[in-house]
Amino acid sequence: MESSNTRSAAGAATLKRAARRGRASIAAILAVALTVMAAPGRAETPAPGATPAPASSWLRCGALWDGRGGRTQGPVLIEVRGERIASVRAAGGAAPAGPVTDLSALTCLPGLIDTHTHVLLQGDITAADYDEQLLKQSPEYRTILATVNARRALSWGFTSIRDLETEGAGYADVDVKRAIENGVIPGPRMQVATRSMDVTGAYPLLGYAPGIAVPKGVQEVDGADGGRRAVREQLSHGADWIKVYADRNYRVLPNGVLDDIPTFTLEELRAIVDESHRQRHKVAAHAMALYGVHNAVEAGVDTIEHGDYIADDDLKAMVAKGIYYVPTIFVGEYVAEGRAKAGAPQWLAMRDIHEQTFRRALKAGVKIAFGTDVGGFDWRINPAGEFAFMVRYGMTPEQALKAATVVAAELMGVSDRLGTIEAGKLADIVAVPGDPLADVTRLEHVRFVMKGGVTYPAAEPAP
Ligand SMILES: [Zn+2]
């Protein structure tokens with residue numbers, strides 16, 4: 001049954017349309033108002049121009065993990081109406097009225113969420129790989145490639161992503177997001193961070209002769225006022241998140257601590273965080289080591305990205321302040337060998353430090369969200385490989401799955417509509433063969449993808 005809320009909304013929309021056309025006679029307004037006020041259950045003639053209630057379609061799942069607690073259940077039916085989930089019930093009893101998609105060989109899950117991606121980047125292991133993209137590819141060409149990456153993400157079951165900076169491609173992420181929202185190209189729901197910020201002289205491209213103007217992978221920002229100005233500028237051009245680089249130049253100290261050079265001063269970071277929060281936006285901090293993490297936590301950012309080393313006191317502060325940890329393990333493993341060969345052997349030791357940090361964070365009760373940094377590694381590699389590392393580093397498969405659904409939805413502030421499978425939420429649903437709670441690598445084999453009630457091609461064909 002169509003809810004009275006939907007009906008009121010449809011009636012109001014009809015009124016607005018009629019008023020815009022200048023044909024809103026009192027009789028027409030009364031007719032619509034009466035329809036809106038009609039008692040539930042009474043047979044009605046839809047108001048002129050009202051969208052008819054979408055018919056139900058059904059998914060028959062072999063098993064379900066809904067993200068609301070509890071184990072995978074027996075065969076279930078998910079009813080989808082329009083872009084939302086209308087009901088979830090055990091299979092059996094009366095046959096559903098409407099078309100049924102047979103996923104009885106698969107386990108259904110909420111759509112996966114990757115909270116750290118770069119659709120505008122094609123994988124960079126060395127500085128030369130990175131420079132090449134900024135120097136020899138136009139932003140327009142990189143945006144075309146980004147549309148392919150967005151489609152890949154969706155086909156792997158990532159129905160939402162938080163894209164954390166364009167790496168020199170300006171505000172192209174806002175356009176990719178818009179094209180997806182307008183149905184021009186397939187892709188996940190996106191929150192975007194646009195240009196990101198770092199201090200002068202800290203972020204590539206670097207090392208060119210002083211007289212040669214080269215593009216930068218970030219917006220260079222200095223001073224508290226400069227930070228506020230950059231936040232205002234990026235938000236005005238469509239940034240959902242503000243991203244800052246809190247540190248650089250990593251080295252492993254003899255006591256096993258990962259040391260860094262902090263970029264922004266605490267005063268600068270505080271100004272950026274304050275300006276973002278004042279405008280109801282959140283801040284993500286790239287912070288990989290001792291001082292960067294400490295300053296970012298102290299300034300009150302909302303998420304710590306990478307966090308290869310985090311001191312115990314900072315983990316405690318993260319718990320107290322509700323700051324999320326997005327560990328991006330897979331990319332570190334992926335780039336370590338190449339970067340070591342290119343003359344930075346500390347990346348090998350950083351893998352072990354990262355594992356110990358992850359285990360300490362888990363024990364301390366820090367909120368850990370799934371994020372991969374895909375784009376930092378090649379988009380032809382399925383970023384769901386991150387799940388296996390989270391489990392290898394101490395999570396249960398269910399904790400890892402929660403990190404990519406329930407927790408990631410909280411991080412993105414969309415828990416009211418995404419992150420679980422239940423009536424009323426958006427129908428973002430994926431399905432995998434086997435039991436991902438027994439073998440988390442099953443999540444690398446998504447065979448069914450639905451976003452907002454619409455089915456998209458999965459990377460692997462349905463059985
Ligand atoms: Zn990144």
# chains A, B, ... in the order shown; residues from 1 in each chain; ligands from 1
call {"tool": "residues_near_ligand", "arguments": {"ligand": "ligand 1", "cutoff": "7 Å", "atoms": "only C-alpha atoms and all ligand atoms", "output": "number ranges by chain"}}
result
A: 116-118, 164, 373, 376
call {"tool": "residues_around", "arguments": {"residues": "range 199-204 of chain A", "least_positions_apart": "5", "cutoff": "8 Å", "atoms": "only C-alpha atoms", "output": "PyMOL selection string"}}
result
chain A and resi 131+216-218+220-222+248+263-264
call {"tool": "write_last_selection", "arguments": {"atoms": "N, CA and C atoms", "output": "PDB file, in the first residue's frame"}}
result
ATOM      1  N   ASP A 131      53.428  11.962 -11.808  1.00  0.00           N
ATOM      2  CA  ASP A 131      53.717  13.154 -12.614  1.00  0.00           C
ATOM      3  C   ASP A 131      53.176  12.999 -14.033  1.00  0.00           C
ATOM      4  N   LYS A 216      49.665  21.094  -9.549  1.00  0.00           N
ATOM      5  CA  LYS A 216      49.776  20.511  -8.208  1.00  0.00           C
ATOM      6  C   LYS A 216      48.628  19.537  -7.980  1.00  0.00           C
ATOM      7  N   GLY A 217      48.920  18.498  -7.220  1.00  0.00           N
ATOM      8  CA  GLY A 217      47.889  17.503  -6.909  1.00  0.00           C
ATOM      9  C   GLY A 217      46.885  17.961  -5.874  1.00  0.00           C
ATOM     10  N   VAL A 218      47.139  19.103  -5.250  1.00  0.00           N
ATOM     11  CA  VAL A 218      46.240  19.642  -4.222  1.00  0.00           C
ATOM     12  C   VAL A 218      46.117  21.152  -4.405  1.00  0.00           C
ATOM     13  N   GLU A 220      47.222  24.408  -2.736  1.00  0.00           N
ATOM     14  CA  GLU A 220      48.204  24.810  -1.720  1.00  0.00           C
ATOM     15  C   GLU A 220      47.602  25.920  -0.864  1.00  0.00           C
ATOM     16  N   VAL A 221      47.683  25.705   0.444  1.00  0.00           N
ATOM     17  CA  VAL A 221      46.989  26.589   1.381  1.00  0.00           C
ATOM     18  C   VAL A 221      47.924  26.892   2.540  1.00  0.00           C
ATOM     19  N   ASP A 222      48.035  28.164   2.919  1.00  0.00           N
ATOM     20  CA  ASP A 222      48.872  28.539   4.064  1.00  0.00           C
ATOM     21  C   ASP A 222      48.138  29.519   4.963  1.00  0.00           C
ATOM     22  N   ARG A 248      53.790  14.231   6.027  1.00  0.00           N
ATOM     23  CA  ARG A 248      54.562  13.775   4.859  1.00  0.00           C
ATOM     24  C   ARG A 248      55.922  13.276   5.339  1.00  0.00           C
ATOM     25  N   THR A 263      52.478  18.845   8.310  1.00  0.00           N
ATOM     26  CA  THR A 263      52.359  19.882   7.275  1.00  0.00           C
ATOM     27  C   THR A 263      51.751  21.152   7.888  1.00  0.00           C
ATOM     28  N   PHE A 264      50.437  21.146   8.097  1.00  0.00           N
ATOM     29  CA  PHE A 264      49.777  22.313   8.681  1.00  0.00           C
ATOM     30  C   PHE A 264      50.150  22.451  10.158  1.00  0.00           C
TER      31      PHE A 264
END
call {"tool": "select_by_dssp", "arguments": {"residues": "range 258-300 of chain A", "states": "helix (DSSP H, G or I)", "output": "PyMOL selection string"}}
result
chain A and resi 266-278+290-299
call {"tool": "write_last_selection", "arguments": {"atoms": "N, CA, C and O atoms", "output": "CSV table (one decimal), in the first residue's frame"}}
result
chain,number,residue,atom,x,y,z
A,266,LEU,N,48.9,23.4,14.0
A,266,LEU,CA,47.7,23.1,14.7
A,266,LEU,C,46.7,24.2,14.5
A,266,LEU,O,45.5,24.0,14.3
A,267,GLU,N,47.2,25.5,14.5
A,267,GLU,CA,46.3,26.6,14.3
A,267,GLU,C,45.6,26.6,13.0
A,267,GLU,O,44.4,26.8,12.8
A,268,GLU,N,46.4,26.2,11.9
A,268,GLU,CA,45.8,26.1,10.6
A,268,GLU,C,44.8,25.0,10.5
A,268,GLU,O,43.7,25.2,10.0
A,269,LEU,N,45.1,23.8,11.1
A,269,LEU,CA,44.2,22.7,11.0
A,269,LEU,C,42.9,23.1,11.8
A,269,LEU,O,41.8,22.7,11.3
A,270,ARG,N,43.0,23.7,12.9
A,270,ARG,CA,41.8,24.1,13.7
A,270,ARG,C,40.9,25.0,12.9
A,270,ARG,O,39.7,24.9,13.0
A,271,ALA,N,41.5,26.0,12.2
A,271,ALA,CA,40.7,26.9,11.4
A,271,ALA,C,40.0,26.2,10.3
A,271,ALA,O,38.8,26.4,10.0
A,272,ILE,N,40.7,25.2,9.6
A,272,ILE,CA,40.0,24.5,8.5
A,272,ILE,C,38.9,23.6,9.1
A,272,ILE,O,37.8,23.6,8.5
A,273,VAL,N,39.1,23.0,10.2
A,273,VAL,CA,38.1,22.1,10.8
A,273,VAL,C,36.9,23.0,11.2
A,273,VAL,O,35.7,22.7,11.0
A,274,ASP,N,37.2,24.1,11.9
A,274,ASP,CA,36.1,25.0,12.4
A,274,ASP,C,35.3,25.5,11.2
A,274,ASP,O,34.1,25.5,11.3
A,275,GLU,N,35.9,26.0,10.2
A,275,GLU,CA,35.2,26.6,9.1
A,275,GLU,C,34.3,25.5,8.4
A,275,GLU,O,33.2,25.8,8.0
A,276,SER,N,34.8,24.3,8.3
A,276,SER,CA,34.1,23.2,7.7
A,276,SER,C,32.9,22.8,8.5
A,276,SER,O,31.7,22.7,8.0
A,277,HIS,N,33.1,22.6,9.8
A,277,HIS,CA,32.0,22.2,10.7
A,277,HIS,C,31.0,23.3,10.8
A,277,HIS,O,29.8,23.1,10.9
A,278,ARG,N,31.4,24.6,10.8
A,278,ARG,CA,30.5,25.7,10.9
A,278,ARG,C,29.5,25.7,9.7
A,278,ARG,O,28.4,26.1,9.8
A,290,LEU,N,53.0,9.6,13.5
A,290,LEU,CA,52.9,10.2,14.8
A,290,LEU,C,52.3,11.6,14.9
A,290,LEU,O,51.3,11.8,15.5
A,291,TYR,N,53.0,12.6,14.3
A,291,TYR,CA,52.6,14.0,14.5
A,291,TYR,C,51.4,14.4,13.7
A,291,TYR,O,50.5,15.1,14.2
A,292,GLY,N,51.3,13.8,12.5
A,292,GLY,CA,50.2,14.1,11.6
A,292,GLY,C,48.9,13.7,12.2
A,292,GLY,O,47.9,14.4,12.3
A,293,VAL,N,48.9,12.4,12.7
A,293,VAL,CA,47.7,11.9,13.4
A,293,VAL,C,47.3,12.7,14.6
A,293,VAL,O,46.2,13.1,14.8
A,294,HIS,N,48.4,12.9,15.4
A,294,HIS,CA,48.1,13.7,16.7
A,294,HIS,C,47.5,15.0,16.5
A,294,HIS,O,46.5,15.4,17.1
A,295,ASN,N,48.1,15.8,15.5
A,295,ASN,CA,47.5,17.1,15.2
A,295,ASN,C,46.1,17.1,14.7
A,295,ASN,O,45.3,17.9,15.1
A,296,ALA,N,45.9,16.1,13.8
A,296,ALA,CA,44.5,16.0,13.2
A,296,ALA,C,43.5,15.7,14.2
A,296,ALA,O,42.4,16.2,14.2
A,297,VAL,N,43.8,14.7,15.1
A,297,VAL,CA,42.9,14.3,16.2
A,297,VAL,C,42.7,15.5,17.1
A,297,VAL,O,41.6,15.8,17.5
A,298,GLU,N,43.8,16.2,17.5
A,298,GLU,CA,43.7,17.4,18.4
A,298,GLU,C,42.8,18.5,17.7
A,298,GLU,O,42.0,19.1,18.5
A,299,ALA,N,42.9,18.6,16.4
A,299,ALA,CA,42.1,19.7,15.7
A,299,ALA,C,40.7,19.3,15.6
A,299,ALA,O,39.8,20.1,15.2
call {"tool": "atom_distance", "arguments": {"atom1": "CA of Gln234 in chain A", "atom2": "CA of Pro210 in chain A"}}
result
27.2 Å
call {"tool": "residues_around", "arguments": {"residues": "range 58-74 of chain A", "least_positions_apart": "2", "cutoff": "9 Å", "atoms": "only C-alpha atoms", "output": "number ranges by chain"}}
result
A: 56, 76-81, 90-91, 96-110, 398, 401-402, 405-406, 419-422, 431, 435, 437
call {"tool": "atom_distance", "arguments": {"atom1": "CA of Tyr309 in chain A", "atom2": "CA of Ile323 in chain A"}}
result
15.4 Å
